[in-house]
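Student: Here it is, the structure in full.
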Amino acid sequence: APNLPGTVLNLVGTPKTSDDFDQFHVRGDYTISQNDSFFVRYSKSNWDLTEPGLQPFQGAFLPLNAHNAVFQETHIFGPATVNTFKLGF
């Protein structure tokens, strides 16, 4: 219901916004030999952002969730030759 006088722009309020953000990252490195090494990494984030509106069917709910993983292997063949293999999503 309107809470200001007039017929337009007559609704003012401050609905409560909810912003919940959690994240973590894990990484492991391993040296197989002087010429071989690899690492793995996994990251995850959960972000729920809720912005209610003043009227029904207004506002927004944004679940912004992400996963990321990487694997990298490095092999040194010689002083001028290095091979790197990466895989990620």
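Here, A, B, ... name the chains of the structure tokens in the order displayed, residue numbers run from 1 inside each chain, and ligands are numbered from 1 in the same displayed order.
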Give me, as a Markdown table, the closest atom pair and its distance (Å, one decimal) for every residue of stretch 5-46 of chain A within a cut-off of 8 Å of stretch 60-76 of chain A, counting only C-alpha atoms, rows sorted by chain and rising number.

Tutor:
| residue | atom | partner | partner_atom | distance |
| --- | --- | --- | --- | --- |
| A:Asn35 | CA | A:Ile76 | CA | 4.8 |
| A:Asp36 | CA | A:His75 | CA | 4.6 |
| A:Ser37 | CA | A:Thr74 | CA | 5.4 |
| A:Phe38 | CA | A:Glu73 | CA | 4.2 |
| A:Phe39 | CA | A:Gln72 | CA | 5.5 |
| A:Val40 | CA | A:Phe71 | CA | 4.5 |
| A:Arg41 | CA | A:Val70 | CA | 5.2 |
| A:Tyr42 | CA | A:Ala69 | CA | 4.4 |
| A:Ser43 | CA | A:Asn68 | CA | 5.1 |
| A:Lys44 | CA | A:His67 | CA | 4.6 |
| A:Ser45 | CA | A:Ala66 | CA | 5.3 |
| A:Asn46 | CA | A:Asn65 | CA | 4.5 |

Student: Those residues you just picked out, can you put them in a file as a compact mmCIF listing (two decimals), in the first residue's frame with all heavy atoms?

Tutor:
# COMPACT_ATOMS: atom_id res chain seq x y z
N ASN A 35 63.01 -33.47 -12.33
CA ASN A 35 62.49 -33.06 -13.64
C ASN A 35 60.97 -33.18 -13.77
O ASN A 35 60.43 -32.87 -14.82
CB ASN A 35 63.15 -33.89 -14.75
CG ASN A 35 64.62 -33.61 -14.86
OD1 ASN A 35 65.09 -32.54 -14.49
ND2 ASN A 35 65.37 -34.58 -15.36
N ASP A 36 60.30 -33.67 -12.77
CA ASP A 36 58.85 -33.87 -12.83
C ASP A 36 58.17 -33.32 -11.59
O ASP A 36 58.59 -33.62 -10.46
CB ASP A 36 58.52 -35.37 -12.90
CG ASP A 36 58.24 -35.84 -14.29
OD1 ASP A 36 57.58 -35.10 -15.05
OD2 ASP A 36 58.67 -36.97 -14.63
N SER A 37 57.10 -32.55 -11.81
CA SER A 37 56.31 -32.05 -10.68
C SER A 37 54.87 -31.82 -11.15
O SER A 37 54.61 -31.72 -12.35
CB SER A 37 56.90 -30.75 -10.13
OG SER A 37 56.85 -29.74 -11.11
N PHE A 38 53.96 -31.79 -10.19
CA PHE A 38 52.58 -31.47 -10.53
C PHE A 38 51.92 -30.76 -9.37
O PHE A 38 52.40 -30.77 -8.23
CB PHE A 38 51.79 -32.72 -10.96
CG PHE A 38 51.43 -33.66 -9.85
CD1 PHE A 38 50.25 -33.50 -9.13
CD2 PHE A 38 52.23 -34.74 -9.55
CE1 PHE A 38 49.90 -34.37 -8.12
CE2 PHE A 38 51.90 -35.62 -8.54
CZ PHE A 38 50.72 -35.43 -7.82
N PHE A 39 50.79 -30.12 -9.69
CA PHE A 39 49.95 -29.55 -8.64
C PHE A 39 48.50 -29.73 -9.02
O PHE A 39 48.14 -29.89 -10.18
CB PHE A 39 50.28 -28.07 -8.36
CG PHE A 39 49.65 -27.08 -9.29
CD1 PHE A 39 48.37 -26.59 -9.06
CD2 PHE A 39 50.34 -26.60 -10.39
CE1 PHE A 39 47.79 -25.67 -9.91
CE2 PHE A 39 49.77 -25.68 -11.25
CZ PHE A 39 48.49 -25.21 -11.00
N VAL A 40 47.65 -29.73 -7.99
CA VAL A 40 46.20 -29.76 -8.17
C VAL A 40 45.61 -28.65 -7.32
O VAL A 40 46.16 -28.28 -6.27
CB VAL A 40 45.57 -31.12 -7.77
CG1 VAL A 40 46.02 -32.22 -8.70
CG2 VAL A 40 45.90 -31.47 -6.34
N ARG A 41 44.50 -28.09 -7.80
CA ARG A 41 43.82 -27.03 -7.04
C ARG A 41 42.32 -27.18 -7.24
O ARG A 41 41.85 -27.50 -8.33
CB ARG A 41 44.25 -25.65 -7.52
CG ARG A 41 43.61 -24.53 -6.68
CD ARG A 41 43.84 -23.16 -7.28
NE ARG A 41 43.05 -23.02 -8.50
CZ ARG A 41 43.54 -22.57 -9.66
NH1 ARG A 41 44.80 -22.20 -9.76
NH2 ARG A 41 42.77 -22.47 -10.72
N TYR A 42 41.58 -26.96 -6.15
CA TYR A 42 40.12 -26.96 -6.21
C TYR A 42 39.61 -25.74 -5.46
O TYR A 42 40.05 -25.45 -4.35
CB TYR A 42 39.55 -28.24 -5.59
CG TYR A 42 38.04 -28.26 -5.57
CD1 TYR A 42 37.31 -28.45 -6.74
CD2 TYR A 42 37.34 -28.07 -4.39
CE1 TYR A 42 35.94 -28.44 -6.73
CE2 TYR A 42 35.96 -28.07 -4.38
CZ TYR A 42 35.26 -28.26 -5.56
OH TYR A 42 33.90 -28.26 -5.55
N SER A 43 38.69 -25.03 -6.09
CA SER A 43 38.08 -23.86 -5.47
C SER A 43 36.57 -23.97 -5.57
O SER A 43 36.04 -24.46 -6.57
CB SER A 43 38.52 -22.57 -6.18
OG SER A 43 39.91 -22.41 -6.11
N LYS A 44 35.89 -23.51 -4.55
CA LYS A 44 34.43 -23.51 -4.53
C LYS A 44 33.94 -22.24 -3.87
O LYS A 44 34.50 -21.79 -2.88
CB LYS A 44 33.89 -24.72 -3.78
CG LYS A 44 32.38 -24.80 -3.77
CD LYS A 44 31.88 -26.03 -3.05
CE LYS A 44 30.37 -26.03 -3.08
NZ LYS A 44 29.81 -27.15 -2.34
N SER A 45 32.89 -21.66 -4.45
CA SER A 45 32.28 -20.49 -3.81
C SER A 45 30.76 -20.60 -3.90
O SER A 45 30.22 -21.11 -4.88
CB SER A 45 32.75 -19.19 -4.48
OG SER A 45 32.28 -19.12 -5.81
N ASN A 46 30.11 -20.17 -2.85
CA ASN A 46 28.66 -20.09 -2.78
C ASN A 46 28.30 -18.67 -2.40
O ASN A 46 28.73 -18.18 -1.36
CB ASN A 46 28.09 -21.05 -1.73
CG ASN A 46 28.27 -22.49 -2.12
OD1 ASN A 46 28.14 -22.84 -3.28
ND2 ASN A 46 28.59 -23.33 -1.15

Student: Would you mind reading off the distance between atom CA of A:Gly6 and atom CA of A:Thr50, one decimal, in Å?

Tutor: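 Rounded to one decimal, the two atoms are 29.6 Å apart.
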
Student: What separation in Å, quoted to one decimal, exists between atom CA of A:Phe89 and atom CA of A:Asp22?

Tutor: 19.9 Å

Student: Using only C-alpha atoms for the distances, tell me which of A:Ile32, A:Leu49, A:Val26, A:Leu54 is nearest to A:Leu11.

Tutor: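 Of A:Ile32, A:Leu49, A:Val26, A:Leu54, the one nearest A:Leu11 is A:Leu54, counting only C-alpha atoms.
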
Student: Using only C-alpha atoms, find the one residue out of A:Ser33, A:Arg27, A:Phe77, A:Ser18 that sits nearest to A:Asp48.

Tutor: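 Looking at the shortest contact to A:Asp48, the residue is A:Ser18.
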
Student: Can you list, as a ChimeraX atom specification, every residue of chain A that DSSP puts in strand (DSSP E or B)?

Tutor: /A:18-33,36-52,59-78,81-88

Student: Hey, which of A:Thr84, A:Asn3, A:Gln55, A:Gln34 ends up closest to A:Pro15? Count only C-alpha atoms.

Tutor: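 Answer, going by the shortest atom-to-atom distance: A:Gln55.
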